[in-house]
file work09.pdb (PDB, C-alpha atoms)
ATOM      1  CA  MET G   1       0.000   0.000   0.000
ATOM      2  CA  ALA G   2       1.951   2.982  -1.294
ATOM      3  CA  ASN G   3       1.436   6.614  -0.318
ATOM      4  CA  TYR G   4       1.676   9.204  -3.095
ATOM      5  CA  LEU G   5       2.108  12.975  -3.106
ATOM      6  CA  ILE G   6       1.394  14.952  -6.275
ATOM      7  CA  THR G   7       2.102  18.647  -6.754
ATOM      8  CA  GLY G   8      -0.146  20.737  -8.978
ATOM      9  CA  SER G   9      -3.236  18.592  -8.464
ATOM     10  CA  ALA G  10      -5.946  21.212  -8.996
ATOM     11  CA  ARG G  11      -6.296  20.518 -12.714
ATOM     12  CA  GLY G  12      -4.723  18.920 -15.749
ATOM     13  CA  LEU G  13      -2.322  16.035 -15.390
ATOM     14  CA  GLY G  14      -1.986  16.387 -11.620
ATOM     15  CA  LEU G  15      -5.727  16.041 -11.108
ATOM     16  CA  ALA G  16      -5.895  13.146 -13.581
ATOM     17  CA  LEU G  17      -3.052  11.357 -11.774
ATOM     18  CA  ALA G  18      -4.802  11.715  -8.424
ATOM     19  CA  THR G  19      -8.076  10.536  -9.965
ATOM     20  CA  HIS G  20      -6.525   7.466 -11.570
ATOM     21  CA  LEU G  21      -4.596   6.509  -8.435
ATOM     22  CA  ALA G  22      -7.798   6.814  -6.388
ATOM     23  CA  SER G  23      -9.492   4.345  -8.755
ATOM     24  CA  LEU G  24      -6.943   1.646  -7.986
ATOM     25  CA  PRO G  25      -7.365  -0.906  -5.177
ATOM     26  CA  LYS G  26      -6.295   0.182  -1.728
ATOM     27  CA  ALA G  27      -3.896  -2.769  -1.720
ATOM     28  CA  LYS G  28      -1.890  -0.827  -4.333
ATOM     29  CA  VAL G  29      -2.536   2.784  -3.316
ATOM     30  CA  SER G  30      -3.153   3.717   0.292
ATOM     31  CA  SER G  31      -3.232   7.524   0.374
ATOM     32  CA  ILE G  32      -2.897  10.265  -2.220
ATOM     33  CA  PHE G  33      -1.812  13.682  -0.999
ATOM     34  CA  ALA G  34      -3.125  16.010  -3.686
ATOM     35  CA  THR G  35      -1.521  19.426  -3.386
ATOM     36  CA  SER G  36      -2.133  22.799  -4.958
ATOM     37  CA  ARG G  37      -1.801  26.452  -4.048
ATOM     38  CA  SER G  38      -5.477  26.772  -3.102
ATOM     39  CA  ASP G  39      -8.579  24.672  -2.579
ATOM     40  CA  ASN G  40     -10.712  26.459  -5.175
ATOM     41  CA  SER G  41     -10.759  23.573  -7.654
ATOM     42  CA  PRO G  42     -14.282  22.081  -7.741
ATOM     43  CA  ALA G  43     -12.991  18.916  -9.431
ATOM     44  CA  LEU G  44     -10.334  18.328  -6.776
ATOM     45  CA  THR G  45     -12.809  19.098  -3.996
ATOM     46  CA  GLU G  46     -15.198  16.508  -5.426
ATOM     47  CA  LEU G  47     -12.421  13.936  -5.725
ATOM     48  CA  VAL G  48     -11.397  14.460  -2.110
ATOM     49  CA  SER G  49     -14.971  14.269  -0.802
ATOM     50  CA  SER G  50     -15.793  11.111  -2.758
ATOM     51  CA  SER G  51     -12.596   9.211  -1.917
ATOM     52  CA  SER G  52     -13.512   7.974   1.573
ATOM     53  CA  GLY G  53     -10.430   9.644   2.978
ATOM     54  CA  ARG G  54      -7.921   8.215   0.512
ATOM     55  CA  VAL G  55      -7.333  11.537  -1.262
ATOM     56  CA  VAL G  56      -6.178  14.263   1.120
ATOM     57  CA  PHE G  57      -5.863  17.888   0.036
ATOM     58  CA  ILE G  58      -2.675  19.621   1.213
ATOM     59  CA  PRO G  59      -2.123  23.338   0.493
ATOM     60  CA  LEU G  60       1.271  23.670  -1.171
ATOM     61  CA  ASP G  61       2.741  26.415  -3.327
ATOM     62  CA  ALA G  62       5.755  24.639  -4.819
ATOM     63  CA  THR G  63       7.455  27.956  -5.605
ATOM     64  CA  ASP G  64       7.406  29.109  -1.959
ATOM     65  CA  ARG G  65       9.784  27.428   0.494
ATOM     66  CA  THR G  66       7.716  28.307   3.566
ATOM     67  CA  SER G  67       4.611  26.783   1.989
ATOM     68  CA  VAL G  68       6.539  23.632   1.033
ATOM     69  CA  GLN G  69       7.879  23.216   4.561
ATOM     70  CA  ARG G  70       4.414  23.740   6.060
ATOM     71  CA  ALA G  71       2.979  21.122   3.709
ATOM     72  CA  ALA G  72       5.684  18.621   4.662
ATOM     73  CA  ARG G  73       4.755  18.996   8.324
ATOM     74  CA  GLN G  74       1.077  18.420   7.500
ATOM     75  CA  VAL G  75       1.856  15.315   5.468
ATOM     76  CA  GLU G  76       4.068  13.968   8.244
ATOM     77  CA  GLN G  77       1.183  14.343  10.688
ATOM     78  CA  GLN G  78      -1.181  12.573   8.294
ATOM     79  CA  LEU G  79       1.228   9.656   7.851
ATOM     80  CA  HIS G  80       1.319   8.884  11.586
ATOM     81  CA  GLY G  81       4.896   7.665  11.579
ATOM     82  CA  ARG G  82       4.828   6.015   8.160
ATOM     83  CA  GLY G  83       6.925   7.165   5.228
ATOM     84  CA  LEU G  84       6.041   8.703   1.880
ATOM     85  CA  ASP G  85       6.549   6.199  -0.927
ATOM     86  CA  VAL G  86       6.152   8.193  -4.143
ATOM     87  CA  LEU G  87       6.606  11.899  -4.903
ATOM     88  CA  VAL G  88       5.355  13.270  -8.231
ATOM     89  CA  ASN G  89       6.737  16.703  -9.087
ATOM     90  CA  ASN G  90       4.134  17.845 -11.583
ATOM     91  CA  VAL G  91       4.064  21.647 -11.209
ATOM     92  CA  GLY G  92       5.107  23.447 -14.380
ATOM     93  CA  THR G  93       4.524  26.447 -16.604
ATOM     94  CA  MET G  94       4.898  26.937 -20.363
ATOM     95  CA  PRO G  95       4.939  30.582 -21.473
ATOM     96  CA  SER G  96       4.909  31.333 -25.188
ATOM     97  CA  THR G  97       7.597  33.434 -26.840
ATOM     98  CA  TRP G  98       7.123  34.635 -30.393
ATOM     99  CA  GLY G  99      10.134  35.676 -32.444
ATOM    100  CA  GLY G 100      12.651  33.126 -31.247
ATOM    101  CA  VAL G 101      14.858  32.706 -28.209
ATOM    102  CA  GLU G 102      16.274  36.246 -28.512
ATOM    103  CA  LYS G 103      12.828  37.581 -27.574
ATOM    104  CA  MET G 104      12.612  35.420 -24.419
ATOM    105  CA  GLU G 105      11.884  37.546 -21.333
ATOM    106  CA  ASP G 106      10.492  34.986 -18.886
ATOM    107  CA  LEU G 107      13.362  32.562 -18.291
ATOM    108  CA  ASP G 108      13.898  33.446 -14.611
ATOM    109  CA  ASP G 109      10.283  32.912 -13.571
ATOM    110  CA  THR G 110       9.964  29.776 -15.678
ATOM    111  CA  PHE G 111      13.150  28.330 -14.208
ATOM    112  CA  HIS G 112      11.923  28.971 -10.680
ATOM    113  CA  THR G 113       8.636  27.161 -11.362
ATOM    114  CA  ASN G 114       9.943  24.284 -13.477
ATOM    115  CA  VAL G 115      13.282  23.573 -11.787
ATOM    116  CA  THR G 116      13.849  25.334  -8.466
ATOM    117  CA  SER G 117      10.418  24.408  -7.111
ATOM    118  CA  THR G 118      11.052  20.734  -7.905
ATOM    119  CA  HIS G 119      14.326  20.920  -6.026
ATOM    120  CA  MET G 120      12.690  22.597  -3.017
ATOM    121  CA  VAL G 121       9.864  20.078  -2.846
ATOM    122  CA  THR G 122      12.200  17.107  -3.274
ATOM    123  CA  GLN G 123      14.754  18.163  -0.666
ATOM    124  CA  THR G 124      12.007  19.068   1.815
ATOM    125  CA  PHE G 125      10.207  15.719   1.482
ATOM    126  CA  LEU G 126      13.367  13.594   1.442
ATOM    127  CA  PRO G 127      13.131  12.739   5.175
ATOM    128  CA  LEU G 128       9.647  11.289   4.626
ATOM    129  CA  LEU G 129      10.711   9.535   1.426
ATOM    130  CA  ARG G 130      13.640   7.963   3.256
ATOM    131  CA  LYS G 131      11.114   6.380   5.617
ATOM    132  CA  GLY G 132       9.034   5.054   2.716
ATOM    133  CA  GLU G 133       9.339   1.675   1.070
ATOM    134  CA  ARG G 134       9.405   2.617  -2.631
ATOM    135  CA  LYS G 135      11.536   5.774  -2.501
ATOM    136  CA  LEU G 136      10.352   6.789  -5.961
ATOM    137  CA  VAL G 137      10.471  10.367  -7.281
ATOM    138  CA  THR G 138       8.885  11.095 -10.661
ATOM    139  CA  ASN G 139       9.597  14.456 -12.243
ATOM    140  CA  ILE G 140       7.169  15.345 -15.032
ATOM    141  CA  SER G 141       9.283  16.390 -18.000
ATOM    142  CA  THR G 142       8.656  16.594 -21.753
ATOM    143  CA  THR G 143      10.231  15.549 -25.027
ATOM    144  CA  LEU G 144      10.482  19.288 -25.733
ATOM    145  CA  GLY G 145      13.270  19.273 -23.130
ATOM    146  CA  SER G 146      15.291  16.739 -25.114
ATOM    147  CA  ILE G 147      18.426  18.278 -26.600
ATOM    148  CA  GLY G 148      18.681  15.353 -29.002
ATOM    149  CA  ALA G 149      15.182  16.053 -30.334
ATOM    150  CA  ALA G 150      15.471  19.851 -30.330
ATOM    151  CA  SER G 151      15.240  20.222 -34.112
ATOM    152  CA  THR G 152      11.991  18.223 -34.154
ATOM    153  CA  PHE G 153      10.283  20.761 -31.902
ATOM    154  CA  GLN G 154      12.045  23.915 -33.094
ATOM    155  CA  SER G 155       8.790  25.445 -34.329
ATOM    156  CA  MET G 156       7.192  25.281 -30.876
ATOM    157  CA  PRO G 157       7.363  28.877 -29.517
ATOM    158  CA  ALA G 158       8.293  27.924 -25.947
ATOM    159  CA  PRO G 159      12.069  28.312 -25.507
ATOM    160  CA  ALA G 160      11.924  28.946 -21.743
ATOM    161  CA  TYR G 161       9.882  25.766 -21.275
ATOM    162  CA  LYS G 162      12.323  23.711 -23.358
ATOM    163  CA  ILE G 163      15.396  25.099 -21.586
ATOM    164  CA  THR G 164      14.032  24.620 -18.086
ATOM    165  CA  LYS G 165      12.760  21.106 -18.746
ATOM    166  CA  ALA G 166      16.231  20.167 -20.000
ATOM    167  CA  ALA G 167      17.546  21.529 -16.701
ATOM    168  CA  LEU G 168      14.905  19.528 -14.822
ATOM    169  CA  ASN G 169      16.214  16.395 -16.520
ATOM    170  CA  MET G 170      19.719  17.110 -15.225
ATOM    171  CA  LEU G 171      18.327  17.820 -11.750
ATOM    172  CA  THR G 172      16.685  14.394 -11.909
ATOM    173  CA  LYS G 173      19.969  12.796 -12.929
ATOM    174  CA  GLN G 174      21.896  14.534 -10.155
ATOM    175  CA  TYR G 175      19.482  13.307  -7.487
ATOM    176  CA  ALA G 176      19.587   9.834  -9.021
ATOM    177  CA  GLU G 177      23.375   9.715  -8.838
ATOM    178  CA  ASP G 178      23.551  11.066  -5.283
ATOM    179  CA  LEU G 179      20.857   8.851  -3.737
ATOM    180  CA  THR G 180      21.201   5.572  -5.616
ATOM    181  CA  ASP G 181      22.988   3.946  -2.674
ATOM    182  CA  GLU G 182      19.983   4.734  -0.457
ATOM    183  CA  GLY G 183      17.683   2.761  -2.728
ATOM    184  CA  PHE G 184      16.022   5.733  -4.436
ATOM    185  CA  THR G 185      14.683   5.719  -7.983
ATOM    186  CA  PHE G 186      14.421   9.086  -9.726
ATOM    187  CA  LEU G 187      12.672   9.303 -13.092
ATOM    188  CA  ALA G 188      12.062  12.049 -15.607
ATOM    189  CA  VAL G 189       8.858  11.139 -17.456
ATOM    190  CA  SER G 190       7.339  12.729 -20.533
ATOM    191  CA  PRO G 191       3.545  12.299 -20.247
ATOM    192  CA  GLY G 192       2.831  13.117 -23.873
ATOM    193  CA  TRP G 193       1.050  16.042 -25.483
ATOM    194  CA  LEU G 194      -2.147  16.097 -23.464
ATOM    195  CA  GLN G 195      -5.474  17.858 -23.855
ATOM    196  CA  THR G 196      -5.117  20.145 -20.842
ATOM    197  CA  ASP G 197      -5.217  23.914 -20.406
ATOM    198  CA  MET G 198      -1.479  23.894 -21.130
ATOM    199  CA  GLY G 199      -1.569  21.408 -24.006
ATOM    200  CA  GLY G 200      -4.720  22.709 -25.678
ATOM    201  CA  SER G 201      -7.707  20.940 -27.169
ATOM    202  CA  HIS G 202      -5.818  19.857 -30.300
ATOM    203  CA  ALA G 203      -3.243  17.833 -28.369
ATOM    204  CA  ASP G 204      -2.665  14.162 -29.126
ATOM    205  CA  LEU G 205      -4.113  12.457 -26.070
ATOM    206  CA  PRO G 206      -6.891  12.827 -23.510
ATOM    207  CA  VAL G 207      -5.388  13.707 -20.161
ATOM    208  CA  ALA G 208      -6.724  10.500 -18.618
ATOM    209  CA  THR G 209      -4.751   8.462 -21.153
ATOM    210  CA  GLY G 210      -1.523  10.242 -20.281
ATOM    211  CA  ALA G 211      -2.186   9.910 -16.560
ATOM    212  CA  GLU G 212      -2.819   6.164 -16.821
ATOM    213  CA  ALA G 213       0.393   5.719 -18.806
ATOM    214  CA  VAL G 214       2.427   7.686 -16.247
ATOM    215  CA  VAL G 215       0.937   5.635 -13.409
ATOM    216  CA  ASN G 216       1.863   2.450 -15.287
ATOM    217  CA  ILE G 217       5.476   3.631 -15.437
ATOM    218  CA  MET G 218       5.490   4.392 -11.712
ATOM    219  CA  MET G 219       3.847   1.120 -10.766
ATOM    220  CA  ASN G 220       6.459  -0.849 -12.697
ATOM    221  CA  ALA G 221       9.516   1.299 -11.989
ATOM    222  CA  THR G 222      12.662  -0.517 -10.916
ATOM    223  CA  SER G 223      15.975   0.581  -9.452
ATOM    224  CA  GLU G 224      17.621  -0.215 -12.809
ATOM    225  CA  GLN G 225      15.685   2.723 -14.272
ATOM    226  CA  ASN G 226      17.129   5.204 -11.772
ATOM    227  CA  GLY G 227      18.066   8.414 -13.581
ATOM    228  CA  LYS G 228      16.288   7.515 -16.830
ATOM    229  CA  PHE G 229      14.278   9.863 -19.067
ATOM    230  CA  LEU G 230      11.222   7.853 -20.118
ATOM    231  CA  ASN G 231       8.431   8.208 -22.620
ATOM    232  CA  ILE G 232       4.933   6.893 -21.932
ATOM    233  CA  HIS G 233       3.569   3.926 -23.879
ATOM    234  CA  VAL G 234       0.215   4.263 -25.630
ATOM    235  CA  PRO G 235      -0.739   1.333 -27.879
ATOM    236  CA  GLY G 236      -1.118   2.439 -31.482
ATOM    237  CA  TRP G 237       1.155   5.459 -31.080
ATOM    238  CA  GLU G 238       4.494   3.627 -31.258
ATOM    239  CA  ASN G 239       5.104   4.550 -34.918
ATOM    240  CA  ASN G 240       3.008   7.681 -35.289
ATOM    241  CA  PRO G 241       4.222   9.610 -38.374
ATOM    242  CA  GLY G 242       4.011  12.974 -36.596
ATOM    243  CA  PRO G 243       6.555  14.458 -34.185
ATOM    244  CA  ASN G 244       5.274  12.468 -31.193
ATOM    245  CA  GLN G 245       5.542   8.715 -30.697
ATOM    246  CA  TYR G 246       4.495   7.121 -27.396
ATOM    247  CA  ASP G 247       6.562   3.955 -27.432
ATOM    248  CA  GLY G 248       7.541   3.582 -23.778
ATOM    249  CA  LYS G 249      11.238   3.866 -24.590
ATOM    250  CA  GLU G 250      13.949   6.132 -23.234
ATOM    251  CA  VAL G 251      13.966   9.671 -24.577
ATOM    252  CA  PRO G 252      17.300  11.021 -25.853
ATOM    253  CA  TRP G 253      18.775  13.547 -23.440
TER     254      TRP G 253
END

call {"tool": "encode", "arguments": {"input": "work09.pdb", "output": "structure tokens"}}
result
Amino acid sequence: MANYLITGSARGLGLALATHLASLPKAKVSSIFATSRSDNSPALTELVSSSSGRVVFIPLDATDRTSVQRAARQVEQQLHGRGLDVLVNNVGTMPSTWGGVEKMEDLDDTFHTNVTSTHMVTQTFLPLLRKGERKLVTNISTTLGSIGAASTFQSMPAPAYKITKAALNMLTKQYAEDLTDEGFTFLAVSPGWLQTDMGGSHADLPVATGAEAVVNIMMNATSEQNGKFLNIHVPGWENNPGPNQYDGKEVPW
């Protein structure tokens, strides 16, 4: 019975992850700590109220260290001496920049949200993760952060997003290298182009499909995958002729 904590659970992928985990048997998923900056998400409120106590809302602004520390204390109280098994760093932002990288004005703020906040959340929850059994940290990345695939996505007007997700991948690798001897598994996972507020209605996949695929990766993660950058697997999308293929393989750094 694993305990999960997900940042950015008010909507989009974070909400879909919490929803899918809550649908699984309690023998697999004990508690889901669904965090967001505020409790004004009707969908998250409904999920919490209908979960018979399995989904617990925790206020957490991942960009604010005081808020992160307060949330960690609340989660520790809720766990009653148990550890946290799985942390999902899902918070992210994708500003648009038209005119190329030279016009980029939002790199600092984007870096703080997409990279620094993940570091703050991870380091703050490490004591609880060390007490957990799975010791799994999943950082939600994107193929747009792949340097090897940069030319494929050059037309996407989101240079700050691409740059900071590449940095997130290295942050994942650094944690993986440092904590491998403690039995941790750190993954960077690309959830696909999803039909969320960020991805838009013309994206490849329903958000529930991406969430299920990410959960499948987490459920089957092994220590041999520590530090890997993984793509989701969606049957039928392995050889898609467009820019995105969801083949479940490693993504080039």

call {"tool": "closest_residue", "arguments": {"input": "work09.pdb", "among": "G:Ala213, G:Ala166, G:Leu129, G:Val48", "to": "Tyr4 in chain G", "atoms": "only C-alpha atoms"}}
result
G:Leu129

call {"tool": "closest_residue", "arguments": {"input": "work09.pdb", "among": "G:Arg70, G:Lys162, G:Arg134, G:His119", "to": "Tyr175 in chain G", "atoms": "all atoms listed in the file"}}
result
G:His119

call {"tool": "atom_distance", "arguments": {"input": "work09.pdb", "atom1": "CA of Leu84 in chain G", "atom2": "CA of Asp64 in chain G"}}
result
20.8 Å

call {"tool": "atom_distance", "arguments": {"input": "work09.pdb", "atom1": "CA of Pro191 in chain G", "atom2": "CA of Glu177 in chain G"}}
result
23.0 Å

call {"tool": "resolve_selection", "arguments": {"input": "work09.pdb", "expression": "the PyMOL selection byres ((chain G and resi 112) around 12)", "output": "MDAnalysis selection string"}}
result
chainID G and resid 62:65 91:93 106:111 113:120 160:161 164:165 167:168

call {"tool": "residues_around", "arguments": {"input": "work09.pdb", "residues": "Gly248 in chain G", "least_positions_apart": "6", "cutoff": "7 Å", "atoms": "all atoms listed in the file", "output": "tab-separated table (two decimals) with C-alpha atoms, keeping the file's coordinate frame"}}
result
chain	number	residue	atom	x	y	z
G	230	LEU	CA	11.22	7.85	-20.12
G	231	ASN	CA	8.43	8.21	-22.62
G	232	ILE	CA	4.93	6.89	-21.93
G	233	HIS	CA	3.57	3.93	-23.88

call {"tool": "atom_distance", "arguments": {"input": "work09.pdb", "atom1": "CA of Asn239 in chain G", "atom2": "CA of Ala149 in chain G"}}
result
16.0 Å

call {"tool": "closest_residue", "arguments": {"input": "work09.pdb", "among": "G:Leu13, G:Val137, G:Leu60, G:Val86", "to": "Leu187 in chain G", "atoms": "only C-alpha atoms"}}
result
G:Val137

call {"tool": "residues_around", "arguments": {"input": "work09.pdb", "residues": "Gly236 in chain G", "least_positions_apart": "6", "cutoff": "10 Å", "atoms": "all atoms listed in the file", "output": "list in words"}}
result
Gln245, Tyr246 and Asp247 of chain G

call {"tool": "closest_residue", "arguments": {"input": "work09.pdb", "among": "G:Leu136, G:Ala22, G:Leu128, G:Ala203", "to": "Thr185 in chain G", "atoms": "only C-alpha atoms"}}
result
G:Leu136

call {"tool": "closest_residue", "arguments": {"input": "work09.pdb", "among": "G:Thr143, G:Ser41, G:Thr180, G:Ser49", "to": "Arg130 in chain G", "atoms": "only C-alpha atoms"}}
result
G:Thr180

call {"tool": "resolve_selection", "arguments": {"input": "work09.pdb", "expression": "the PyMOL selection byres ((chain G and resi 14-19) around 7)", "output": "list in words"}}
result
Ile6, Thr7, Gly8, Ser9, Ala10, Arg11, Gly12, Leu13, His20, Leu21, Ala22, Ser23, Ile32, Ala34, Leu44, Leu47, Asn90, Val207, Ala208 and Ala211 of chain G

call {"tool": "closest_residue", "arguments": {"input": "work09.pdb", "among": "G:Gly83, G:Pro241, G:Val251, G:Ala158", "to": "Pro127 in chain G", "atoms": "all atoms listed in the file"}}
result
G:Gly83

call {"tool": "axis_aligned_box", "arguments": {"input": "work09.pdb", "around": "range 100-113 of chain G", "padding_each_side": "8 Å", "output": "AutoDock Vina command-line options"}}
result
--center_x 12.5 --center_y 32.4 --center_z -21.0 --size_x 23.6 --size_y 26.4 --size_z 36.6

call {"tool": "decode", "arguments": {"input": "work09.pdb", "residues": "range 200-210 of chain G", "atoms": "all heavy atoms", "output": "PDB file, in the first residue's frame"}}
result
ATOM      1  N   GLY G 200      -3.725  22.282 -24.702  1.00  0.00           N
ATOM      2  CA  GLY G 200      -4.720  22.709 -25.678  1.00  0.00           C
ATOM      3  C   GLY G 200      -5.597  21.575 -26.157  1.00  0.00           C
ATOM      4  O   GLY G 200      -5.292  20.393 -25.993  1.00  0.00           O
ATOM      5  N   SER G 201      -6.708  21.933 -26.758  1.00  0.00           N
ATOM      6  CA  SER G 201      -7.707  20.940 -27.169  1.00  0.00           C
ATOM      7  C   SER G 201      -7.281  20.124 -28.376  1.00  0.00           C
ATOM      8  O   SER G 201      -7.882  19.073 -28.670  1.00  0.00           O
ATOM      9  CB  SER G 201      -9.042  21.645 -27.474  1.00  0.00           C
ATOM     10  OG  SER G 201      -8.878  22.596 -28.523  1.00  0.00           O
ATOM     11  N   HIS G 202      -6.262  20.580 -29.112  1.00  0.00           N
ATOM     12  CA  HIS G 202      -5.818  19.857 -30.300  1.00  0.00           C
ATOM     13  C   HIS G 202      -4.664  18.910 -29.999  1.00  0.00           C
ATOM     14  O   HIS G 202      -4.074  18.350 -30.930  1.00  0.00           O
ATOM     15  CB  HIS G 202      -5.399  20.843 -31.392  1.00  0.00           C
ATOM     16  CG  HIS G 202      -6.512  21.735 -31.861  1.00  0.00           C
ATOM     17  ND1 HIS G 202      -7.606  21.260 -32.557  1.00  0.00           N
ATOM     18  CD2 HIS G 202      -6.707  23.070 -31.718  1.00  0.00           C
ATOM     19  CE1 HIS G 202      -8.426  22.252 -32.828  1.00  0.00           C
ATOM     20  NE2 HIS G 202      -7.910  23.365 -32.328  1.00  0.00           N
ATOM     21  N   ALA G 203      -4.345  18.716 -28.745  1.00  0.00           N
ATOM     22  CA  ALA G 203      -3.243  17.833 -28.369  1.00  0.00           C
ATOM     23  C   ALA G 203      -3.559  16.381 -28.729  1.00  0.00           C
ATOM     24  O   ALA G 203      -4.705  16.024 -29.026  1.00  0.00           O
ATOM     25  CB  ALA G 203      -2.963  17.961 -26.873  1.00  0.00           C
ATOM     26  N   ASP G 204      -2.539  15.548 -28.680  1.00  0.00           N
ATOM     27  CA  ASP G 204      -2.665  14.162 -29.126  1.00  0.00           C
ATOM     28  C   ASP G 204      -3.624  13.328 -28.281  1.00  0.00           C
ATOM     29  O   ASP G 204      -4.424  12.555 -28.805  1.00  0.00           O
ATOM     30  CB  ASP G 204      -1.292  13.470 -29.075  1.00  0.00           C
ATOM     31  CG  ASP G 204      -0.323  13.996 -30.106  1.00  0.00           C
ATOM     32  OD1 ASP G 204      -0.773  14.561 -31.121  1.00  0.00           O
ATOM     33  OD2 ASP G 204       0.893  13.841 -29.892  1.00  0.00           O
ATOM     34  N   LEU G 205      -3.506  13.449 -26.953  1.00  0.00           N
ATOM     35  CA  LEU G 205      -4.113  12.457 -26.070  1.00  0.00           C
ATOM     36  C   LEU G 205      -5.030  13.085 -25.026  1.00  0.00           C
ATOM     37  O   LEU G 205      -4.728  14.168 -24.505  1.00  0.00           O
ATOM     38  CB  LEU G 205      -3.012  11.691 -25.321  1.00  0.00           C
ATOM     39  CG  LEU G 205      -1.943  10.995 -26.156  1.00  0.00           C
ATOM     40  CD1 LEU G 205      -0.836  10.476 -25.241  1.00  0.00           C
ATOM     41  CD2 LEU G 205      -2.554   9.866 -26.968  1.00  0.00           C
ATOM     42  N   PRO G 206      -6.122  12.410 -24.679  1.00  0.00           N
ATOM     43  CA  PRO G 206      -6.891  12.827 -23.510  1.00  0.00           C
ATOM     44  C   PRO G 206      -6.004  12.764 -22.273  1.00  0.00           C
ATOM     45  O   PRO G 206      -5.120  11.898 -22.163  1.00  0.00           O
ATOM     46  CB  PRO G 206      -8.015  11.786 -23.438  1.00  0.00           C
ATOM     47  CG  PRO G 206      -8.088  11.185 -24.801  1.00  0.00           C
ATOM     48  CD  PRO G 206      -6.698  11.221 -25.343  1.00  0.00           C
ATOM     49  N   VAL G 207      -6.250  13.653 -21.335  1.00  0.00           N
ATOM     50  CA  VAL G 207      -5.388  13.707 -20.161  1.00  0.00           C
ATOM     51  C   VAL G 207      -5.452  12.413 -19.366  1.00  0.00           C
ATOM     52  O   VAL G 207      -4.455  11.977 -18.773  1.00  0.00           O
ATOM     53  CB  VAL G 207      -5.741  14.930 -19.287  1.00  0.00           C
ATOM     54  CG1 VAL G 207      -7.138  14.833 -18.728  1.00  0.00           C
ATOM     55  CG2 VAL G 207      -4.720  15.113 -18.171  1.00  0.00           C
ATOM     56  N   ALA G 208      -6.604  11.757 -19.355  1.00  0.00           N
ATOM     57  CA  ALA G 208      -6.724  10.500 -18.618  1.00  0.00           C
ATOM     58  C   ALA G 208      -5.821   9.420 -19.198  1.00  0.00           C
ATOM     59  O   ALA G 208      -5.283   8.580 -18.464  1.00  0.00           O
ATOM     60  CB  ALA G 208      -8.176  10.023 -18.618  1.00  0.00           C
ATOM     61  N   THR G 209      -5.638   9.435 -20.508  1.00  0.00           N
ATOM     62  CA  THR G 209      -4.751   8.462 -21.153  1.00  0.00           C
ATOM     63  C   THR G 209      -3.307   8.683 -20.726  1.00  0.00           C
ATOM     64  O   THR G 209      -2.591   7.728 -20.402  1.00  0.00           O
ATOM     65  CB  THR G 209      -4.863   8.561 -22.685  1.00  0.00           C
ATOM     66  OG1 THR G 209      -6.215   8.306 -23.077  1.00  0.00           O
ATOM     67  CG2 THR G 209      -3.935   7.573 -23.372  1.00  0.00           C
ATOM     68  N   GLY G 210      -2.875   9.936 -20.722  1.00  0.00           N
ATOM     69  CA  GLY G 210      -1.523  10.242 -20.281  1.00  0.00           C
ATOM     70  C   GLY G 210      -1.312   9.896 -18.827  1.00  0.00           C
ATOM     71  O   GLY G 210      -0.257   9.363 -18.445  1.00  0.00           O
TER      72      GLY G 210
END
